[in-house]
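In what follows, a single structure is set out as structure tokens and then discussed.
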Amino acid sequence: MRNFLLTLLFDGGAYHGWQVQENAVTVQETLQNAAERILGARCPVTGCSRTDAGVHALGFCCCLRAETGLSPERLQAALNAVLPRDIAVGGCREVPLTFHPRYDCRRKTYRYLVWNGKTRNPFYEGRACFYPYRLDAPFLHAQAQAFCGKHDFSAFCAANGSVEDKVRTIYAFSVEREGDLVRFTVTGDGFLYNMVRILVGTLLDLQAGRLEAGSLPAVLESRDRARAGATAPAEGLYLVRADYADI
């Protein structure tokens, strides 16, 4: 048995997230189907995290365990030959059998894209959240620094989240504008269910005046989901990178 670490890029618009579901098409199932065509057996695939329907990835890491003599390079090429056009394997390497893409992950980086023009951009349809009211990126960047550090993020977790320990560390949070595109980029040691989308939605509500400037530390301290902002749409979210120690 060999363990291959794959780095995936995918447009999540056609999928109901990563994890296999009974009555919906997912990225995990699609990858398993492709691997079965190549290897002739149903191989276990484990991801670095779950993603919601419509969420995209530029660097989603997963492990494929298989009995095969293929080199990582040939396995990557073979998978890319049979995967649909909205999923690609950007990297493939062999790792120890003890390696786990979720539990061995040290930090993840997510990016949220907002198309902040006056009219919709069809080239970002399904790939960025359309928000027509002018965003002040330097102001939002300054406000977002309240999220950095080690905090209990209970106020920024979906109400139906099942994780008891809601303490996470945010290492960096930036908000940058390039033309009409505004990028929210956040790196942390882990993220709760819908956490990044709620962080972004809270900043958008703050810009809209539904929350007061400087109020984010109090919202964090409250641990009350009702005090935070709305959950931003899934279509603007990308998993950019998962980082690991020596493997």
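In the structure tokens, the first chain shown is A, the next is B, and so on; residue numbers restart at 1 for each chain, and ligands run from 1 in the order shown.
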
Taking only C-alpha atoms into account, produce a table as CSV in which each residue of segment 4-43 of chain A with an atom at most 8 Å from an atom of segment 78-93 of chain A appears once, together with its shortest atom pair and the distance in Å to one decimal, ordered by chain and rising number.
residue,atom,partner,partner_atom,distance
A:Phe4,CA,A:Arg93,CA,5.5
A:Leu5,CA,A:Arg93,CA,5.4
A:Leu6,CA,A:Cys92,CA,4.6
A:Thr7,CA,A:Gly91,CA,4.9
A:Leu8,CA,A:Val89,CA,4.6
A:Leu9,CA,A:Ala88,CA,5.2
A:Phe10,CA,A:Ile87,CA,4.3
A:Asp11,CA,A:Asp86,CA,5.3
A:Gly12,CA,A:Asp86,CA,7.8
A:Val27,CA,A:Ile87,CA,7.9
A:Thr30,CA,A:Leu83,CA,7.5
A:Leu31,CA,A:Leu83,CA,7.1
A:Ala34,CA,A:Leu83,CA,5.9
A:Ala35,CA,A:Leu79,CA,6.5
A:Ile38,CA,A:Ala78,CA,7.0

With a distance cut-off of 7 Å and only C-alpha atoms, select the neighbouring residues of segment 143-145 of chain A, excluding the residue or stretch itself and same-chain residues fewer than 3 positions from it, and output the selection as a VMD selection string.
chain A and resid 139 to 140 148 173 214

Residues from the last selection, C-alpha atoms, saved as a PDB file, in the first residue's frame:
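Saved file again.pdb follows:
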ATOM      1  CA  PHE A 139     -10.520  50.430   6.526  1.00  0.00           C
ATOM      2  CA  LEU A 140     -11.617  46.781   6.398  1.00  0.00           C
ATOM      3  CA  CYS A 148      -5.621  37.980  14.525  1.00  0.00           C
ATOM      4  CA  PHE A 173      -5.793  38.604   7.773  1.00  0.00           C
ATOM      5  CA  GLY A 214     -14.076  49.004  16.443  1.00  0.00           C
TER       6      GLY A 214
END

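Taking atom CA of Asp205 of chain A as the reference point, atom CA of Gly190 of chain A is found at 23.6 Å.
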
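Atom CA of Gly54 of chain A lies 24.7 Å from atom CA of Glu36 of chain A.
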
Nearest residue to Ala226 of chain A out of A:Ser154, A:Asn116, A:Thr26, A:Thr169, using only C-alpha atoms?
A:Ser154

When DSSP is applied to the backbone of this structure, which of segment 112-194 of chain A are assigned helix (DSSP H, G or I)? Write them out as an MDAnalysis selection string.
chainID A and resid 122:124 137:147 154:156

Mind running segment 175-229 of chain A against segment 125-128 of chain A at 10 Å and telling me each contacting residue's nearest atom pair with the distance in Å (one decimal), counting only C-alpha atoms, chain and number ascending, as a Markdown table?
| residue | atom | partner | partner_atom | distance |
| --- | --- | --- | --- | --- |
| A:Leu181 | CA | A:Ala128 | CA | 8.7 |
| A:Val182 | CA | A:Ala128 | CA | 9.5 |
| A:Arg183 | CA | A:Ala128 | CA | 9.7 |

Can you spit out the residues from that selection as a short mmCIF file (atom, residue, chain, number, x, y, z; two decimals), in the first residue's frame, using N, CA and C atoms?
data_model
loop_
_atom_site.label_atom_id
_atom_site.label_comp_id
_atom_site.auth_asym_id
_atom_site.auth_seq_id
_atom_site.Cartn_x
_atom_site.Cartn_y
_atom_site.Cartn_z
N LEU A 181 -11.85 44.24 -7.88
CA LEU A 181 -11.79 42.98 -7.15
C LEU A 181 -11.18 43.21 -5.76
N VAL A 182 -11.89 42.79 -4.72
CA VAL A 182 -11.39 42.91 -3.35
C VAL A 182 -11.14 41.51 -2.81
N ARG A 183 -9.92 41.31 -2.30
CA ARG A 183 -9.50 40.00 -1.79
C ARG A 183 -9.39 40.05 -0.27
#

For Gly209 of chain A, list every protein, DNA or RNA residue within 12 Å, evaluated using only C-alpha atoms, and leave out those in the same chain fewer than 5 positions away; present the list as a ChimeraX atom specification.
/A:133,135,202-204,214-215,229

May I have the residues within 12 Å of Arg106 of chain A as number ranges by chain, using only C-alpha atoms and disregarding those fewer than 5 positions away in the same chain?
A: 48, 100-101, 168-171, 187-191, 241-246

Would you write out those residues with all heavy atoms, as a CSV table (one decimal), in the first residue's frame?
chain,number,residue,atom,x,y,z
A,48,CYS,N,-8.1,17.3,3.4
A,48,CYS,CA,-7.6,18.1,4.5
A,48,CYS,C,-8.7,18.8,5.2
A,48,CYS,O,-8.4,19.3,6.3
A,48,CYS,CB,-6.5,19.1,3.9
A,48,CYS,SG,-7.2,20.3,2.8
A,100,HIS,N,-1.4,12.1,7.6
A,100,HIS,CA,-2.9,12.4,7.4
A,100,HIS,C,-3.0,13.8,7.0
A,100,HIS,O,-2.5,14.7,7.6
A,100,HIS,CB,-3.6,12.2,8.8
A,100,HIS,CG,-5.1,12.1,8.7
A,100,HIS,ND1,-5.9,13.2,8.4
A,100,HIS,CD2,-5.9,11.0,8.7
A,100,HIS,CE1,-7.1,12.8,8.4
A,100,HIS,NE2,-7.2,11.5,8.6
A,101,PRO,N,-3.7,14.1,5.9
A,101,PRO,CA,-3.8,15.4,5.3
A,101,PRO,C,-4.6,16.4,6.2
A,101,PRO,O,-4.4,17.6,6.1
A,101,PRO,CB,-4.5,15.3,4.0
A,101,PRO,CG,-5.3,14.0,4.2
A,101,PRO,CD,-4.5,13.1,5.1
A,168,ARG,N,-9.3,29.1,18.1
A,168,ARG,CA,-8.5,29.0,16.9
A,168,ARG,C,-7.5,30.2,16.9
A,168,ARG,O,-7.8,31.2,17.5
A,168,ARG,CB,-9.3,29.0,15.6
A,168,ARG,CG,-10.3,27.9,15.5
A,168,ARG,CD,-9.6,26.5,15.3
A,168,ARG,NE,-10.5,25.4,15.0
A,168,ARG,CZ,-11.1,24.7,15.9
A,168,ARG,NH1,-10.9,25.0,17.2
A,168,ARG,NH2,-11.9,23.7,15.6
A,169,THR,N,-6.4,30.0,16.2
A,169,THR,CA,-5.4,31.1,16.0
A,169,THR,C,-5.4,31.6,14.6
A,169,THR,O,-5.2,30.8,13.7
A,169,THR,CB,-4.0,30.6,16.5
A,169,THR,OG1,-4.1,30.2,17.8
A,169,THR,CG2,-3.0,31.7,16.3
A,170,ILE,N,-5.6,32.9,14.4
A,170,ILE,CA,-5.5,33.5,13.1
A,170,ILE,C,-4.1,34.2,13.0
A,170,ILE,O,-3.8,35.0,13.9
A,170,ILE,CB,-6.6,34.5,12.9
A,170,ILE,CG1,-7.9,33.9,12.9
A,170,ILE,CG2,-6.4,35.3,11.5
A,170,ILE,CD1,-8.2,32.8,11.8
A,171,TYR,N,-3.3,33.8,12.1
A,171,TYR,CA,-1.9,34.3,11.9
A,171,TYR,C,-1.9,35.6,11.1
A,171,TYR,O,-1.0,36.5,11.4
A,171,TYR,CB,-1.0,33.3,11.3
A,171,TYR,CG,-0.9,32.0,12.1
A,171,TYR,CD1,-1.4,30.8,11.6
A,171,TYR,CD2,-0.3,32.0,13.3
A,171,TYR,CE1,-1.3,29.6,12.3
A,171,TYR,CE2,-0.2,30.8,14.1
A,171,TYR,CZ,-0.8,29.6,13.5
A,171,TYR,OH,-0.7,28.4,14.3
A,187,THR,N,-5.1,33.4,7.1
A,187,THR,CA,-4.4,32.2,7.4
A,187,THR,C,-4.5,31.9,8.9
A,187,THR,O,-4.4,32.8,9.8
A,187,THR,CB,-2.9,32.4,7.1
A,187,THR,OG1,-2.7,32.7,5.7
A,187,THR,CG2,-2.0,31.2,7.5
A,188,GLY,N,-4.8,30.6,9.2
A,188,GLY,CA,-5.0,30.2,10.6
A,188,GLY,C,-4.6,28.7,10.8
A,188,GLY,O,-4.4,28.0,9.9
A,189,ASP,N,-4.6,28.3,12.1
A,189,ASP,CA,-4.3,26.9,12.4
A,189,ASP,C,-5.5,26.0,12.2
A,189,ASP,O,-5.3,24.8,12.2
A,189,ASP,CB,-3.7,26.8,13.8
A,189,ASP,CG,-4.7,27.2,14.9
A,189,ASP,OD1,-5.8,27.7,14.6
A,189,ASP,OD2,-4.4,27.0,16.1
A,190,GLY,N,-6.6,26.6,11.9
A,190,GLY,CA,-7.8,25.8,11.7
A,190,GLY,C,-9.0,26.7,11.6
A,190,GLY,O,-9.0,27.8,12.1
A,191,PHE,N,-10.1,26.2,11.1
A,191,PHE,CA,-11.3,27.0,10.9
A,191,PHE,C,-12.5,26.2,11.2
A,191,PHE,O,-12.6,25.1,10.9
A,191,PHE,CB,-11.4,27.6,9.5
A,191,PHE,CG,-10.2,28.5,9.1
A,191,PHE,CD1,-9.1,28.0,8.6
A,191,PHE,CD2,-10.4,29.9,9.4
A,191,PHE,CE1,-8.0,28.9,8.3
A,191,PHE,CE2,-9.3,30.7,9.1
A,191,PHE,CZ,-8.1,30.3,8.5
A,241,ARG,N,-4.3,27.1,0.2
A,241,ARG,CA,-3.1,26.4,0.6
A,241,ARG,C,-3.3,25.7,1.9
A,241,ARG,O,-3.9,26.2,2.8
A,241,ARG,CB,-1.9,27.3,0.6
A,241,ARG,CG,-0.6,26.6,0.8
A,241,ARG,CD,0.6,27.6,0.7
A,241,ARG,NE,0.6,28.5,1.9
A,241,ARG,CZ,0.3,29.8,1.8
A,241,ARG,NH1,-0.1,30.3,0.7
A,241,ARG,NH2,0.3,30.5,2.9
A,242,ALA,N,-2.8,24.5,2.0
A,242,ALA,CA,-2.6,23.8,3.3
A,242,ALA,C,-1.2,23.5,3.5
A,242,ALA,O,-0.4,23.1,2.6
A,242,ALA,CB,-3.4,22.4,3.3
A,243,ASP,N,-0.7,23.9,4.7
A,243,ASP,CA,0.8,23.8,5.0
A,243,ASP,C,1.0,22.7,6.0
A,243,ASP,O,0.3,22.5,7.0
A,243,ASP,CB,1.3,25.1,5.6
A,243,ASP,CG,1.2,26.3,4.6
A,243,ASP,OD1,1.5,26.0,3.4
A,243,ASP,OD2,0.9,27.4,5.0
A,244,TYR,N,2.1,22.0,5.8
A,244,TYR,CA,2.5,20.9,6.6
A,244,TYR,C,4.0,21.0,7.1
A,244,TYR,O,4.7,21.7,6.5
A,244,TYR,CB,2.4,19.5,5.8
A,244,TYR,CG,0.9,19.3,5.4
A,244,TYR,CD1,0.5,19.7,4.1
A,244,TYR,CD2,0.0,18.7,6.2
A,244,TYR,CE1,-0.8,19.5,3.7
A,244,TYR,CE2,-1.3,18.4,5.8
A,244,TYR,CZ,-1.7,18.9,4.6
A,244,TYR,OH,-3.0,18.7,4.2
A,245,ALA,N,4.3,20.3,8.1
A,245,ALA,CA,5.7,20.2,8.6
A,245,ALA,C,6.4,19.3,7.7
A,245,ALA,O,6.0,18.9,6.6
A,245,ALA,CB,5.7,19.8,10.1
A,246,ASP,N,7.6,18.8,8.1
A,246,ASP,CA,8.4,17.9,7.3
A,246,ASP,C,7.7,16.6,7.0
A,246,ASP,O,7.2,15.9,7.8
A,246,ASP,CB,9.7,17.6,8.0
A,246,ASP,CG,10.6,18.8,8.2
A,246,ASP,OD1,10.4,19.8,7.5
A,246,ASP,OD2,11.4,18.8,9.2
